[in-house]
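Participant: Just so it is clear, I am handing over my_file_26.tsv, which has TSV, N, CA and C atoms and all ligand atoms.
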```tsv
chain	number	residue	atom	x	y	z
A	1	MET	N	49.61	70.05	60.11
A	1	MET	CA	50.88	69.35	60.40
A	1	MET	C	51.45	68.74	59.13
A	2	GLY	N	50.55	68.14	58.35
A	2	GLY	CA	50.98	67.52	57.10
A	2	GLY	C	51.52	68.54	56.12
A	3	ARG	N	50.96	69.76	56.16
A	3	ARG	CA	51.41	70.82	55.26
A	3	ARG	C	52.84	71.27	55.61
A	4	ILE	N	53.10	71.38	56.93
A	4	ILE	CA	54.45	71.78	57.38
A	4	ILE	C	55.48	70.74	56.93
A	5	ALA	N	55.15	69.45	57.09
A	5	ALA	CA	56.06	68.38	56.67
A	5	ALA	C	56.31	68.46	55.17
A	6	LEU	N	55.28	68.76	54.42
A	6	LEU	CA	55.42	68.86	52.96
A	6	LEU	C	56.34	70.03	52.59
A	7	VAL	N	56.14	71.19	53.27
A	7	VAL	CA	56.97	72.35	52.99
A	7	VAL	C	58.43	72.05	53.33
A	8	LEU	N	58.66	71.41	54.49
A	8	LEU	CA	60.02	71.05	54.89
A	8	LEU	C	60.66	70.12	53.85
A	9	PHE	N	59.87	69.14	53.41
A	9	PHE	CA	60.37	68.19	52.41
A	9	PHE	C	60.76	68.92	51.12
A	10	LEU	N	59.89	69.87	50.70
A	10	LEU	CA	60.18	70.61	49.47
A	10	LEU	C	61.44	71.46	49.60
A	11	VAL	N	61.59	72.11	50.78
A	11	VAL	CA	62.78	72.94	51.01
A	11	VAL	C	64.04	72.10	50.95
A	12	ILE	N	64.02	70.96	51.64
A	12	ILE	CA	65.20	70.08	51.66
A	12	ILE	C	65.48	69.54	50.26
A	13	ALA	N	64.42	69.17	49.55
A	13	ALA	CA	64.59	68.66	48.19
A	13	ALA	C	65.20	69.74	47.29
A	14	ALA	N	64.74	70.99	47.46
A	14	ALA	CA	65.27	72.09	46.64
A	14	ALA	C	66.75	72.31	46.95
A	15	LEU	N	67.11	72.25	48.25
A	15	LEU	CA	68.51	72.43	48.63
A	15	LEU	C	69.38	71.33	48.04
A	16	LEU	N	68.88	70.10	48.06
A	16	LEU	CA	69.63	68.98	47.50
A	16	LEU	C	69.83	69.17	45.99
A	17	VAL	N	68.76	69.62	45.32
A	17	VAL	CA	68.85	69.83	43.87
A	17	VAL	C	69.88	70.93	43.58
A	18	LEU	N	69.84	72.03	44.36
A	18	LEU	CA	70.80	73.11	44.15
A	18	LEU	C	72.24	72.63	44.36
A	19	ARG	N	72.42	71.81	45.40
A	19	ARG	CA	73.76	71.30	45.70
A	19	ARG	C	74.26	70.41	44.57
A	20	ALA	N	73.37	69.54	44.09
A	20	ALA	CA	73.75	68.66	42.99
A	20	ALA	C	74.09	69.48	41.74
A	21	LEU	N	73.28	70.53	41.51
A	21	LEU	CA	73.50	71.38	40.34
A	21	LEU	C	74.86	72.08	40.45
A	22	ARG	N	75.19	72.56	41.66
A	22	ARG	CA	76.47	73.25	41.86
A	22	ARG	C	77.64	72.29	41.63
A	23	LEU	N	77.52	71.06	42.15
A	23	LEU	CA	78.57	70.07	41.96
A	23	LEU	C	78.73	69.75	40.48
A	24	TRP	N	77.59	69.63	39.79
A	24	TRP	CA	77.65	69.31	38.37
A	24	TRP	C	78.31	70.45	37.60
A	25	LEU	N	77.95	71.70	37.94
A	25	LEU	CA	78.54	72.85	37.27
A	25	LEU	C	80.04	72.92	37.52
A	26	ALA	N	80.45	72.64	38.75
A	26	ALA	CA	81.88	72.67	39.09
A	26	ALA	C	82.64	71.62	38.29
A	27	ALA	N	82.00	70.46	38.07
A	27	ALA	CA	82.67	69.40	37.32
A	27	ALA	C	82.66	69.71	35.83
A	28	ALA	N	81.58	70.30	35.35
A	28	ALA	CA	81.44	70.55	33.91
A	28	ALA	C	82.27	71.75	33.47
A	29	PHE	N	82.31	72.79	34.31
A	29	PHE	CA	83.05	73.99	33.95
A	29	PHE	C	84.06	74.31	35.06
A	30	PRO	N	85.26	73.74	34.98
A	30	PRO	CA	86.25	73.99	36.02
A	30	PRO	C	86.60	75.48	36.08
A	31	VAL	N	86.81	75.96	37.29
A	31	VAL	CA	87.13	77.37	37.48
A	31	VAL	C	88.52	77.65	36.90
A	32	ARG	N	88.57	78.66	36.05
A	32	ARG	CA	89.86	79.03	35.47
A	32	ARG	C	90.72	79.72	36.52
A	33	SER	N	92.01	79.47	36.42
A	33	SER	CA	92.90	80.11	37.38
A	33	SER	C	92.94	81.61	37.13
A	34	ARG	N	93.05	82.36	38.20
A	34	ARG	CA	93.08	83.80	38.09
A	34	ARG	C	94.35	84.26	37.37
A	35	PRO	N	94.28	85.40	36.69
A	35	PRO	CA	95.50	85.89	36.02
A	35	PRO	C	96.61	86.12	37.03
A	36	GLY	N	97.81	85.76	36.66
A	36	GLY	CA	98.94	85.92	37.57
A	36	GLY	C	99.36	84.61	38.18
A	37	THR	N	98.39	83.72	38.41
A	37	THR	CA	98.73	82.42	38.96
A	37	THR	C	99.14	81.51	37.81
A	38	PRO	N	100.15	80.66	38.03
A	38	PRO	CA	100.57	79.78	36.95
A	38	PRO	C	99.46	78.82	36.56
A	39	ILE	N	99.28	78.68	35.25
A	39	ILE	CA	98.26	77.76	34.76
A	39	ILE	C	98.80	76.33	34.92
A	40	GLU	N	97.94	75.45	35.38
A	40	GLU	CA	98.38	74.08	35.58
A	40	GLU	C	98.83	73.47	34.26
A	41	GLY	N	100.02	72.93	34.25
A	41	GLY	CA	100.52	72.31	33.05
A	41	GLY	C	101.03	73.28	32.00
A	42	GLU	N	101.23	74.54	32.38
A	42	GLU	CA	101.71	75.52	31.43
A	42	GLU	C	103.15	75.19	31.01
A	43	MET	N	103.40	75.29	29.71
A	43	MET	CA	104.72	74.96	29.20
A	43	MET	C	105.53	76.23	28.99
A	44	VAL	N	106.81	76.14	29.34
A	44	VAL	CA	107.72	77.25	29.11
A	44	VAL	C	108.89	76.71	28.30
A	45	ARG	N	109.57	77.61	27.59
A	45	ARG	CA	110.64	77.17	26.70
A	45	ARG	C	112.00	77.46	27.31
A	46	ASP	N	112.82	76.44	27.30
A	46	ASP	CA	114.20	76.58	27.71
A	46	ASP	C	114.94	77.32	26.60
A	47	PRO	N	115.43	78.54	26.87
A	47	PRO	CA	116.08	79.31	25.79
A	47	PRO	C	117.44	78.76	25.39
A	48	VAL	N	118.00	77.87	26.22
A	48	VAL	CA	119.33	77.33	25.92
A	48	VAL	C	119.24	76.24	24.85
A	49	CYS	N	118.40	75.24	25.10
A	49	CYS	CA	118.31	74.12	24.16
A	49	CYS	C	117.00	74.11	23.39
A	50	GLY	N	116.04	74.96	23.77
A	50	GLY	CA	114.80	75.05	23.02
A	50	GLY	C	113.75	74.04	23.42
A	51	THR	N	114.02	73.27	24.48
A	51	THR	CA	113.05	72.28	24.93
A	51	THR	C	111.88	72.95	25.64
A	52	TRP	N	110.67	72.41	25.40
A	52	TRP	CA	109.50	72.89	26.14
A	52	TRP	C	109.36	72.05	27.39
A	53	ILE	N	109.19	72.72	28.52
A	53	ILE	CA	109.11	72.02	29.80
A	53	ILE	C	107.94	72.57	30.60
A	54	ASP	N	107.44	71.72	31.50
A	54	ASP	CA	106.38	72.15	32.42
A	54	ASP	C	106.96	73.22	33.35
A	55	ARG	N	106.20	74.31	33.51
A	55	ARG	CA	106.69	75.43	34.32
A	55	ARG	C	107.04	74.97	35.75
A	56	ARG	N	106.24	74.05	36.27
A	56	ARG	CA	106.48	73.62	37.65
A	56	ARG	C	107.75	72.79	37.78
A	57	LEU	N	108.18	72.17	36.65
A	57	LEU	CA	109.37	71.33	36.69
A	57	LEU	C	110.61	72.07	36.24
A	58	ALA	N	110.42	73.29	35.73
A	58	ALA	CA	111.56	74.04	35.20
A	58	ALA	C	112.48	74.51	36.32
A	59	MET	N	113.78	74.55	36.02
A	59	MET	CA	114.74	75.10	36.95
A	59	MET	C	114.99	76.54	36.54
A	60	ALA	N	115.32	77.36	37.51
A	60	ALA	CA	115.60	78.76	37.22
A	60	ALA	C	117.10	78.95	37.04
A	61	ALA	N	117.45	79.61	35.96
A	61	ALA	CA	118.87	79.90	35.70
A	61	ALA	C	119.01	81.39	35.43
A	62	ARG	N	120.13	81.94	35.84
A	62	ARG	CA	120.35	83.35	35.62
A	62	ARG	C	121.10	83.51	34.30
A	63	SER	N	120.51	84.31	33.41
A	63	SER	CA	121.15	84.59	32.13
A	63	SER	C	121.20	86.10	31.96
A	64	GLY	N	122.39	86.66	32.15
A	64	GLY	CA	122.50	88.12	32.07
A	64	GLY	C	121.75	88.75	33.22
A	65	GLU	N	120.75	89.54	32.85
A	65	GLU	CA	120.00	90.29	33.86
A	65	GLU	C	118.72	89.59	34.28
A	66	GLU	N	118.34	88.52	33.56
A	66	GLU	CA	117.03	87.93	33.84
A	66	GLU	C	117.11	86.46	34.19
A	67	TRP	N	116.04	85.98	34.79
A	67	TRP	CA	115.90	84.57	35.12
A	67	TRP	C	115.19	83.88	33.98
A	68	VAL	N	115.74	82.75	33.60
A	68	VAL	CA	115.12	81.98	32.52
A	68	VAL	C	114.85	80.56	33.00
A	69	PRO	N	113.78	79.93	32.50
A	69	PRO	CA	113.52	78.54	32.88
A	69	PRO	C	114.37	77.59	32.03
A	70	VAL	N	115.01	76.65	32.69
A	70	VAL	CA	115.83	75.67	31.96
A	70	VAL	C	115.42	74.26	32.37
A	71	CYS	N	115.83	73.28	31.55
A	71	CYS	CA	115.36	71.92	31.76
A	71	CYS	C	116.30	71.10	32.63
A	72	SER	N	117.58	71.47	32.68
A	72	SER	CA	118.53	70.62	33.40
A	72	SER	C	119.68	71.44	33.98
A	73	GLU	N	120.50	70.77	34.80
A	73	GLU	CA	121.69	71.41	35.37
A	73	GLU	C	122.64	71.85	34.25
A	74	GLU	N	122.72	71.03	33.21
A	74	GLU	CA	123.62	71.34	32.10
A	74	GLU	C	123.20	72.65	31.44
A	75	CYS	N	121.89	72.79	31.19
A	75	CYS	CA	121.40	74.01	30.56
A	75	CYS	C	121.54	75.21	31.50
A	76	ARG	N	121.42	74.95	32.80
A	76	ARG	CA	121.59	76.04	33.76
A	76	ARG	C	123.02	76.57	33.70
A	77	ALA	N	123.98	75.65	33.63
A	77	ALA	CA	125.39	76.06	33.54
A	77	ALA	C	125.65	76.81	32.24
A	78	ARG	N	125.06	76.31	31.15
A	78	ARG	CA	125.25	76.98	29.86
A	78	ARG	C	124.60	78.36	29.85
A	79	ALA	N	123.44	78.47	30.50
A	79	ALA	CA	122.76	79.77	30.56
A	79	ALA	C	123.59	80.76	31.37
A	80	ALA	N	124.20	80.27	32.45
A	80	ALA	CA	125.01	81.15	33.29
A	80	ALA	C	126.27	81.59	32.54
A	81	ALA	N	126.77	80.72	31.66
A	81	ALA	CA	128.00	81.04	30.93
A	81	ALA	C	127.74	82.04	29.82
A	82	LEU	N	126.50	82.08	29.34
A	82	LEU	CA	126.17	83.02	28.27
A	82	LEU	C	126.14	84.45	28.81
A	83	PRO	N	126.71	85.41	28.07
A	83	PRO	CA	126.65	86.80	28.54
A	83	PRO	C	125.22	87.36	28.47
A	84	GLU	N	124.47	86.95	27.47
A	84	GLU	CA	123.08	87.40	27.29
A	84	GLU	C	122.27	86.20	26.86
A	85	ALA	N	120.97	86.28	27.06
A	85	ALA	CA	120.12	85.20	26.58
A	85	ALA	C	120.25	85.13	25.06
A	86	PRO	N	120.37	83.91	24.50
A	86	PRO	CA	120.54	83.79	23.05
A	86	PRO	C	119.40	84.41	22.27
A	87	THR	N	118.20	84.17	22.72
A	87	THR	CA	117.04	84.83	22.11
A	87	THR	C	116.32	85.58	23.21
A	88	ARG	N	116.04	86.81	22.94
A	88	ARG	CA	115.34	87.64	23.94
A	88	ARG	C	114.01	86.99	24.28
A	89	THR	N	113.84	86.59	25.55
A	89	THR	CA	112.61	85.91	25.93
A	89	THR	C	111.45	86.89	25.94
A	90	ARG	N	110.37	86.44	25.35
A	90	ARG	CA	109.17	87.26	25.35
A	90	ARG	C	108.38	87.05	26.62
A	91	ALA	N	107.44	87.94	26.88
A	91	ALA	CA	106.60	87.82	28.07
A	91	ALA	C	105.87	86.50	28.04
A	92	GLY	N	105.86	85.82	29.16
A	92	GLY	CA	105.17	84.55	29.22
A	92	GLY	C	106.11	83.37	29.12
A	93	GLN	N	107.28	83.58	28.54
A	93	GLN	CA	108.23	82.49	28.41
A	93	GLN	C	109.13	82.38	29.64
A	94	ALA	N	109.53	83.51	30.17
A	94	ALA	CA	110.49	83.48	31.27
A	94	ALA	C	109.80	83.73	32.61
A	95	GLY	N	108.52	83.49	32.67
A	95	GLY	CA	107.83	83.64	33.93
A	95	GLY	C	107.15	85.00	34.09
A	96	ALA	N	107.40	85.90	33.15
A	96	ALA	CA	106.76	87.21	33.24
A	96	ALA	C	105.40	87.15	32.57
A	97	THR	N	104.38	86.95	33.36
A	97	THR	CA	103.03	86.89	32.79
A	97	THR	C	102.36	88.24	32.97
A	98	GLY	N	101.40	88.48	32.17
A	98	GLY	CA	100.66	89.74	32.25
A	98	GLY	C	101.23	90.78	31.33
A	99	PRO	N	100.58	91.92	31.24
A	99	PRO	CA	101.03	92.97	30.32
A	99	PRO	C	102.28	93.69	30.81
Z	1	ZN	ZN	117.63	72.56	28.22
```
Represent the structure of the file as structure tokens.
Ligand SMILES: [Zn+2]
Facilitator:
Amino acid sequence: MGRIALVLFLVIAALLVLRALRLWLAAAFPVRSRPGTPIEGEMVRDPVCGTWIDRRLAMAARSGEEWVPVCSEECRARAAALPEAPTRTRAGQAGATGP
């Protein structure tokens, strides 16, 4: 009987250790976001005024054929008034992530 209690105690102790280890690993090495999903706090550049803004806070403005991130209503109006984007946005700047 005492042996069974000891085995049970060891199993529970091992499970607790594994759980603590997993929690510690999750805290020490945060899971990176999968490709395609916006990275938290990723900065994008407003092609109108050149300001860097948080992607989540950026407004979308139509400039020519593409959507560009802008910082304000004023920049959105200016982007819409432009026939083409002043500088051709590279991948990653206008929301186009990946190859
Ligand atoms: Zn702007």
Participant: Identify, counting all atoms listed in the file, the protein, DNA and RNA residues located within 8 Å of ligand ZN 1 (chain Z), and give them as a PyMOL selection string.
Facilitator: chain A and resi 45-52+69-76
Participant: Calculate how many Å separate CA of Leu10 (chain A) from CA of Leu23 (chain A), rounding to one decimal.
Facilitator: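 CA of Leu23 (chain A) lies 19.9 Å from CA of Leu10 (chain A).
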Participant: Draw an axis-aligned box tight on the listed atoms of region 54-63 of chain A, then pad every side by 6 Å and write out centre and edge lengths in Å to one decimal as AutoDock Vina command-line options.
Facilitator:
```
--center_x 113.7 --center_y 78.7 --center_z 34.6 --size_x 27.0 --size_y 26.8 --size_z 18.3
```
Participant: Counting all atoms listed in the file, what is within 7 Å of Arg62 (chain A), bar same-chain residues fewer than 2 positions away, as a PDB file with N, CA and C atoms, in the frame of the given file?
Facilitator:
```pdb
ATOM      1  N   ALA A  60     115.320  77.360  37.510  1.00  0.00           N
ATOM      2  CA  ALA A  60     115.600  78.760  37.220  1.00  0.00           C
ATOM      3  C   ALA A  60     117.100  78.950  37.040  1.00  0.00           C
ATOM      4  N   GLY A  64     122.390  86.660  32.150  1.00  0.00           N
ATOM      5  CA  GLY A  64     122.500  88.120  32.070  1.00  0.00           C
ATOM      6  C   GLY A  64     121.750  88.750  33.220  1.00  0.00           C
ATOM      7  N   GLU A  65     120.750  89.540  32.850  1.00  0.00           N
ATOM      8  CA  GLU A  65     120.000  90.290  33.860  1.00  0.00           C
ATOM      9  C   GLU A  65     118.720  89.590  34.280  1.00  0.00           C
ATOM     10  N   GLU A  66     118.340  88.520  33.560  1.00  0.00           N
ATOM     11  CA  GLU A  66     117.030  87.930  33.840  1.00  0.00           C
ATOM     12  C   GLU A  66     117.110  86.460  34.190  1.00  0.00           C
ATOM     13  N   TRP A  67     116.040  85.980  34.790  1.00  0.00           N
ATOM     14  CA  TRP A  67     115.900  84.570  35.120  1.00  0.00           C
ATOM     15  C   TRP A  67     115.190  83.880  33.980  1.00  0.00           C
ATOM     16  N   VAL A  68     115.740  82.750  33.600  1.00  0.00           N
ATOM     17  CA  VAL A  68     115.120  81.980  32.520  1.00  0.00           C
ATOM     18  C   VAL A  68     114.850  80.560  33.000  1.00  0.00           C
ATOM     19  N   ARG A  76     121.420  74.950  32.800  1.00  0.00           N
ATOM     20  CA  ARG A  76     121.590  76.040  33.760  1.00  0.00           C
ATOM     21  C   ARG A  76     123.020  76.570  33.700  1.00  0.00           C
ATOM     22  N   ALA A  79     123.440  78.470  30.500  1.00  0.00           N
ATOM     23  CA  ALA A  79     122.760  79.770  30.560  1.00  0.00           C
ATOM     24  C   ALA A  79     123.590  80.760  31.370  1.00  0.00           C
ATOM     25  N   ALA A  80     124.200  80.270  32.450  1.00  0.00           N
ATOM     26  CA  ALA A  80     125.010  81.150  33.290  1.00  0.00           C
ATOM     27  C   ALA A  80     126.270  81.590  32.540  1.00  0.00           C
ATOM     28  N   ALA A  81     126.770  80.720  31.660  1.00  0.00           N
ATOM     29  CA  ALA A  81     128.000  81.040  30.930  1.00  0.00           C
ATOM     30  C   ALA A  81     127.740  82.040  29.820  1.00  0.00           C
TER      31      ALA A  81
END
```
Participant: Kindly give the distance, in Å, that separates CA of Met59 (chain A) and atom C of Gly41 (chain A), rounded to a single decimal.
Facilitator: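 Distance reported for this atom pair: 14.7 Å.
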Participant: Calculate how many Å separate atom N of Trp24 (chain A) from atom C of Val11 (chain A), rounding to one decimal.
Facilitator: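 The value is 17.7 Å.
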Participant: Between A:Arg78, A:Arg55, A:Phe29, A:Leu8, which has the minimum distance to Glu42 (chain A) (counting only N, CA and C atoms)?
Facilitator: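 Of all the options, A:Arg55 lies closest to Glu42 (chain A).
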